[in-house]
Amino acid sequence: MIEAGRFFHYRSGHTFLHKTPAWIKVLLIPILAILAFQLETLPALGLWASVLILAKILGFTAKDICNDLKPTLFYLILLYNTSFIYNISAWKAESGGQPISWLEFKNLFIFAPQYALLFVRMGLSLSITSLFYRTTSNIQFRHGFSTIERFITRKEESKFADLLGMTLTFIPRIVTCWQRIDTAWKARGGKNSLRKIIVLTPRLFSVSLNDAYEKARAIESRKN
C-alpha cells in the first residue's frame, strides 16, 4: 500500500474514477489540462474549487490534496516575483523618473492580473491531473497507452506505449527520490538553504537515473 499523502501516487479505491478505463483517462489528461489554460479567472477558480471538492468526495485526504498542490506554491513565488518586477518596470515607464507616491508604492506589491490568472490555471491543471494519477496505477497507465497504440497501429506490439508509460509514471518517482534524499539530509542535521539545493540536486539526478535504469531492466526481464 502506497503511503498516503505522497505526491501524485496511486490510491486504491472503488470510485467511478478508479473504474474508468485507463485509455479514457490517458486521453482526458492532456485535453483537460489544456482546456484549463483557456478559462478566465472566475470560471477557472470555480472549476478548481469543484475539482478539490471532488477529490475530497473520492476519499483523498487533505494531506493528499495539499501535497499535490505543493508545486503551485513554487509557481506562486516565482510569479509573484515576476509580477513585482513587472510592476516596477511599468511604473518607471509611466513616471518618467518622478518620485513615487505611497499609493503607487503599494500598487507595486499587487499581483499583476495576467500572472494571477496564470497561477489559477496552473493550479487547476495540476489538480485535474492529480485526480487521474491518484486513481490510476502504473500498470493501468501502461495498459491504457497500449490500448490506444494498438487501436491506431492495428498491431499487437506497443513499444511506444511502454516508453510513454514509463515517462508518465516517472514524474512521481522523481518526487519520491527527492523526498528520500531530503529526509536523509535532515536526519544528518541539514537545513533548508541554498547549500541544500546545491548539494542535493546532483544527487537527485544520480538517484533518479539509477531508479530509471533499474525499472527499465525489470521491464526487460519480464519481457524475456
# chains A, B, ... in the order shown; residues from 1 in each chain; ligands from 1
call {"tool": "closest_atom_pairs", "arguments": {"of": "segment 45-161 of chain A", "to": "segment 9-19 of chain A", "cutoff": "6 Å", "atoms": "only C-alpha atoms", "output": "JSON lines"}}
result
{"residue": "A:Arg134", "atom": "CA", "partner": "A:Tyr10", "partner_atom": "CA", "distance": 4.2}
{"residue": "A:Thr135", "atom": "CA", "partner": "A:His18", "partner_atom": "CA", "distance": 4.9}
{"residue": "A:Thr136", "atom": "CA", "partner": "A:Tyr10", "partner_atom": "CA", "distance": 6.0}
{"residue": "A:Ser137", "atom": "CA", "partner": "A:Tyr10", "partner_atom": "CA", "distance": 5.5}
call {"tool": "write_last_selection", "arguments": {"atoms": "C-alpha atoms", "output": "compact mmCIF listing (two decimals), in the first residue's frame"}}
result
# COMPACT_ATOMS: atom_id res chain seq x y z
CA ARG A 134 -4.32 9.21 -7.82
CA THR A 135 -6.89 6.85 -9.36
CA THR A 136 -4.71 5.08 -11.96
CA SER A 137 -1.88 2.67 -11.19
call {"tool": "closest_residue", "arguments": {"among": "A:Leu39, A:Leu32, A:Val175, A:Ala187", "to": "Lys70 of chain A", "atoms": "only C-alpha atoms"}}
result
A:Val175
call {"tool": "residues_around", "arguments": {"residues": "Phe37 of chain A", "least_positions_apart": "4", "cutoff": "12 Å", "atoms": "only C-alpha atoms", "output": "number ranges by chain"}}
result
A: 30-33, 41, 43-45, 47-48, 117-126, 128
call {"tool": "write_last_selection", "arguments": {"atoms": "C-alpha atoms", "output": "PDB file, in the first residue's frame"}}
result
ATOM      1  CA  PRO A  30      -3.864  16.355 -21.822  1.00  0.00           C
ATOM      2  CA  ILE A  31      -7.258  17.521 -23.089  1.00  0.00           C
ATOM      3  CA  LEU A  32      -8.486  18.792 -19.708  1.00  0.00           C
ATOM      4  CA  ALA A  33      -5.066  20.188 -18.764  1.00  0.00           C
ATOM      5  CA  THR A  41     -10.134  33.733 -13.760  1.00  0.00           C
ATOM      6  CA  PRO A  43     -14.550  30.107 -14.213  1.00  0.00           C
ATOM      7  CA  ALA A  44     -11.100  28.647 -13.505  1.00  0.00           C
ATOM      8  CA  LEU A  45     -11.432  29.371  -9.765  1.00  0.00           C
ATOM      9  CA  LEU A  47     -13.812  24.720 -11.526  1.00  0.00           C
ATOM     10  CA  TRP A  48     -10.696  24.444  -9.340  1.00  0.00           C
ATOM     11  CA  LEU A 117      -4.679  34.158 -13.930  1.00  0.00           C
ATOM     12  CA  LEU A 118      -1.690  32.032 -14.920  1.00  0.00           C
ATOM     13  CA  PHE A 119      -1.330  30.816 -11.319  1.00  0.00           C
ATOM     14  CA  VAL A 120      -5.012  29.828 -11.136  1.00  0.00           C
ATOM     15  CA  ARG A 121      -4.779  27.984 -14.455  1.00  0.00           C
ATOM     16  CA  MET A 122      -1.668  26.114 -13.321  1.00  0.00           C
ATOM     17  CA  GLY A 123      -3.325  25.104 -10.067  1.00  0.00           C
ATOM     18  CA  LEU A 124      -6.451  23.896 -11.866  1.00  0.00           C
ATOM     19  CA  SER A 125      -4.445  21.921 -14.422  1.00  0.00           C
ATOM     20  CA  LEU A 126      -2.348  20.295 -11.688  1.00  0.00           C
ATOM     21  CA  ILE A 128      -7.136  17.770 -12.589  1.00  0.00           C
TER      22      ILE A 128
END
call {"tool": "residues_around", "arguments": {"residues": "segment 195-205 of chain A", "least_positions_apart": "6", "cutoff": "12 Å", "atoms": "only C-alpha atoms", "output": "ChimeraX atom specification"}}
result
/A:173-186,188-189,211-212
call {"tool": "residues_around", "arguments": {"residues": "Pro71 of chain A", "least_positions_apart": "3", "cutoff": "10 Å", "atoms": "only C-alpha atoms", "output": "ChimeraX atom specification"}}
result
/A:7,66-68,74-76,122-123,126
call {"tool": "select_by_dssp", "arguments": {"residues": "chain A", "states": "alpha helix (DSSP H)", "output": "VMD selection string"}}
result
chain A and resid 16 to 19 22 to 36 41 to 57 62 to 68 70 to 95 102 to 107 113 to 134 138 to 153 159 to 187 194 to 223
call {"tool": "closest_residue", "arguments": {"among": "A:Leu131, A:Pro99, A:Lys92, A:Ile77", "to": "Thr20 of chain A", "atoms": "only C-alpha atoms"}}
result
A:Leu131
